[in-house]
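Student: Quick one: the structure is below, and I'll ask about it shortly.
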Amino acid sequence: MQASAEIRKKLATIIGHLICRCIREARMIPYVLNRDEMINLLVADPVRFEKLVREEHAADASQSKTDLTVHMDAVEELGKLDELETFEKPFWDGPEVDLAPILNLTNQLTRTFSVYLGNSATLFDKGFEEFMDKFRESLRQKGMILQTVDFTPDDVALLESSAISYLSKGEFLQAFTYDRLLTSQIMINQVVNLPATGFSVREDLIRRAVNESGQYPALVKFILRVSYISHGVWDDLFPILIKQLHRHSEDEKITRLFDLIDRDIVFLCNLLCRSYGEIRELSAAQRRQAIEDGVRNYLEKK
C-alpha cells in the first residue's frame with residue numbers, strides 16, 4: 001500500500017518520540033562499586049552513600065553482599081567533556097604539564113561513551129521492533145499491508161525537529177546520538193526509505209550550530225573531544241565541520257578552530273601523530289602551520 005500523509009506523519013512522530021525515549025533511558029548505567037570505592041565514598045560523601053544504599057535496596061539490585069550497585073548517569077559523566085577545559089593549560093610555554101589526569105579522564109569517558117551508545121542502540125532496536133509489530137498488526141486489522149514507507153522532505157523535517165531541539169539546548173551528545181539512531185539502524189531501513197540525497201541530520205546540526213555564535217566554540221570542543229573518546233566512531237563530524245567552514249568562507253571561525261585545536265592536547269597529538277614532547281619543540285608559528293597541514297591532510301584522507 002502507498003502510505004498516506006497521515007500515516008507518514010504518525011510514523012515520523014512515533015519514531016522521533018521512541019528515539020528520544022531510548023536516549024533518555026540509555027543514560028542510566030548500572031555500575032558496581034567495590035569495597036574500597038564504597039569506603040572512599042562513605043568518607044567523602046556519607047549522605048550520598050546512604051542514598052545509594054537505600055536506592056539499591058528499593059530496587060533489589062544487589063549483586064553481592066560486599067559490593068554496592070549504583071546507576072551512573074552516563075550523560076552527566078560525559079558532561080565532563082567540558083571539564084577538560086580545566087586542562088587547557090599553557091602546554092607549550094613553561095614547564096611540562098603532567099598529562100596523566102587528562103589521559104585517565106579520557107579513558108574513563110571512552111568507556112562511558114561506549115556503554116551509553118551501546119545502550120541507546122539496543123534499546124532502540126528492541127523498542128522499534130515492538131512498535132512495528134503493533135503498527136503492522138493495527139494496519140492488518142484494517143485490511144492493509146505495509147511494506148516500506150517513502151518519507152518526503154516534510155516527513156524528514158518532522159523527524160529532525162527533535163534533534164534540533166536537543167541542539168538548541170546545547171545538548172550535543174543527545175543531538176548527535178539521535179542522528180546515529182535515526183540513520184544507522186538497519187531496522188529503520190526495513191520500514192522507512194529516507195531521501196537518498198540532500199538529507200543529513202548531522203550536517204544540518206553542524207551548520208545550525210556554526211551559524212550560532214554562542215554555540216560555535218562549544219560545538220568545536222565537543223567535536224574534537226568526541227572524535228577521540230569514541231575511538232574514531234564519531235570522527236566523521238570533524239571533516240563535516242571543516243567543509244562547512246570552508247564552504248562559507250568562515251575565515252574567522254577557522255582561525256578560532258585552530259586556536260581550540262592548539263589547546264586540546266589529545267586531539268592535537270592525534271592530528272599530528274606526534275608526542276607531547278615532540279610538539280613542544282616546535283615554535284608557535286611551526287605549531288600553527290603543522291595544525292593547518294594536519295587538518296588539510298585529515299580532509300584528504302577522508
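Here's how to read the names in the C-alpha cells: chain A, B, ... by the order shown, residue numbers from 1 in each chain, ligand numbers from 1 in the order shown.
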Would you list the contacts of range 252-258 of chain A as a PyMOL selection string, taking every protein, DNA or RNA residue within 7 Å and counting only C-alpha atoms, but skipping same-chain residues closer than 6 positions in sequence?
Tutor: chain A and resi 220+245+291
Student: When DSSP works through the backbone of this structure, what residues of range 38-247 of chain A end up as strand (DSSP E), shown as an NGL selection string?
Tutor: :A and (68-73 or 149-150 or 192-193)
Student: Which residue is closest to Phe128 in chain A? Choose from A:Ser4, A:Gln190, A:Ser200, A:Ser230 and count only C-alpha atoms.
Tutor: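 That would be A:Gln190, the residue with the smallest distance to Phe128 in chain A.
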Student: Give me the range 188-272 of chain A side of the contact with range 173-176 of chain A, cut-off 10 Å, one line per residue showing its nearest atom pair and distance in Å at one decimal, counting only C-alpha atoms, sorted by chain and residue number, as a tab-separated table.
Tutor:
```
residue	atom	partner	partner_atom	distance
A:Val201	CA	A:Phe176	CA	8.3
A:Arg202	CA	A:Phe176	CA	6.6
A:Leu205	CA	A:Ala175	CA	7.9
A:Ile206	CA	A:Phe176	CA	9.6
A:Phe222	CA	A:Leu173	CA	8.2
A:Ile223	CA	A:Leu173	CA	9.7
A:Val226	CA	A:Leu173	CA	8.8
A:Trp234	CA	A:Phe176	CA	9.2
A:Leu237	CA	A:Phe176	CA	9.4
```
Student: Between CA of Phe267 in chain A and CA of Ala285 in chain A, what is the spacing in Å?
Tutor: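 Rounded to one decimal, the two atoms are 18.5 Å apart.
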Student: Grab the CA of Arg27 in chain A to CA of Asp73 in chain A distance for me, in Å with one decimal place.
Tutor: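 Taking CA of Arg27 in chain A as the start and CA of Asp73 in chain A as the end point, the length is 5.4 Å.
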Student: List as a ChimeraX atom specification the protein and nucleic acid residues near range 132-139 of chain A, meaning an atom at most 12 Å away when only C-alpha atoms are counted, but skip any in the same chain fewer than 4 places from it.
Tutor: /A:1,3,7,10-11,14-15,18,124-128,143-148,187-188,190-192
Student: Could you dump the residues just selected with C-alpha atoms as an mmCIF file, in the first residue's frame?
Tutor:
```
data_model
loop_
_atom_site.group_PDB
_atom_site.id
_atom_site.type_symbol
_atom_site.label_atom_id
_atom_site.label_comp_id
_atom_site.auth_asym_id
_atom_site.auth_seq_id
_atom_site.Cartn_x
_atom_site.Cartn_y
_atom_site.Cartn_z
ATOM 1 C CA MET A 1 0.000 0.000 0.000
ATOM 2 C CA ALA A 3 1.295 5.290 2.857
ATOM 3 C CA ILE A 7 0.328 7.595 8.257
ATOM 4 C CA LYS A 10 2.209 9.475 12.587
ATOM 5 C CA LEU A 11 5.131 7.150 11.862
ATOM 6 C CA ILE A 14 6.357 7.990 16.883
ATOM 7 C CA ILE A 15 9.876 7.178 15.640
ATOM 8 C CA LEU A 18 10.885 6.484 20.512
ATOM 9 C CA PHE A 124 16.080 1.437 20.138
ATOM 10 C CA ASP A 125 16.288 -1.870 18.272
ATOM 11 C CA LYS A 126 14.028 -3.530 20.821
ATOM 12 C CA GLY A 127 11.588 -0.625 21.104
ATOM 13 C CA PHE A 128 11.314 -0.119 17.349
ATOM 14 C CA GLY A 143 -7.090 -4.872 5.694
ATOM 15 C CA MET A 144 -3.867 -3.009 4.883
ATOM 16 C CA ILE A 145 -0.336 -4.335 4.457
ATOM 17 C CA LEU A 146 2.614 -2.014 4.911
ATOM 18 C CA GLN A 147 5.978 -2.830 3.349
ATOM 19 C CA THR A 148 8.165 0.295 3.318
ATOM 20 C CA MET A 187 15.683 -1.714 11.403
ATOM 21 C CA ILE A 188 14.574 1.695 10.133
ATOM 22 C CA GLN A 190 13.489 -2.074 6.524
ATOM 23 C CA VAL A 191 10.495 0.169 7.155
ATOM 24 C CA VAL A 192 11.344 3.705 6.067
#
```
Student: Which value, in Å to one decimal, gives the distance between CA of Leu182 in chain A and CA of Thr112 in chain A?
Tutor: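 According to the coordinates, CA of Leu182 in chain A and CA of Thr112 in chain A are separated by 21.3 Å.
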Student: Just want the 10 Å neighbourhood of Arg287 in chain A, counted on only C-alpha atoms, with same-chain residues fewer than 4 positions away dropped. Output as a ChimeraX atom specification.
Tutor: /A:92,262,268,272,279-283,291-293
Student: Just checking: using only C-alpha atoms, which residue out of A:Phe113, A:Glu129, A:Leu81, A:Ala218 ends up closest to Leu260 in chain A?
Tutor: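 Ranking A:Phe113, A:Glu129, A:Leu81, A:Ala218 by distance to Leu260 in chain A, first place goes to A:Ala218.
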Student: Got a sec: who's within 12 Å of Arg296 in chain A, counting only C-alpha atoms, leaving out chain neighbours fewer than 6 positions off, as a ChimeraX atom specification?
Tutor: /A:238-239,242-243,246,258,271-272,289-290,302
Student: For a quick check of understanding, using only C-alpha atoms, which of A:Val266, A:His231, A:Tyr298, A:Leu194 has the smallest distance to Pro101 in chain A?
Tutor: A:Val266
Student: With DSSP run on the backbone, what are the alpha helix (DSSP H) residues within range 55-302 of chain A? I'd like them as number ranges by chain.
Tutor: A: 55-59, 74-78, 100-140, 153-168, 172-183, 186-189, 201-211, 216-229, 237-247, 251-262, 265-272, 276-280, 284-301
Student: Please identify all polymer residues within 12 Å of Arg24 in chain A, counting only C-alpha atoms, omitting same-chain residues fewer than 5 positions from it, and present them as JSON, numbers by chain.
Tutor: {"A": [17, 18, 19, 29, 73, 74, 75, 76, 116, 117, 119, 120, 123, 124, 166, 173, 174, 175, 177, 178]}
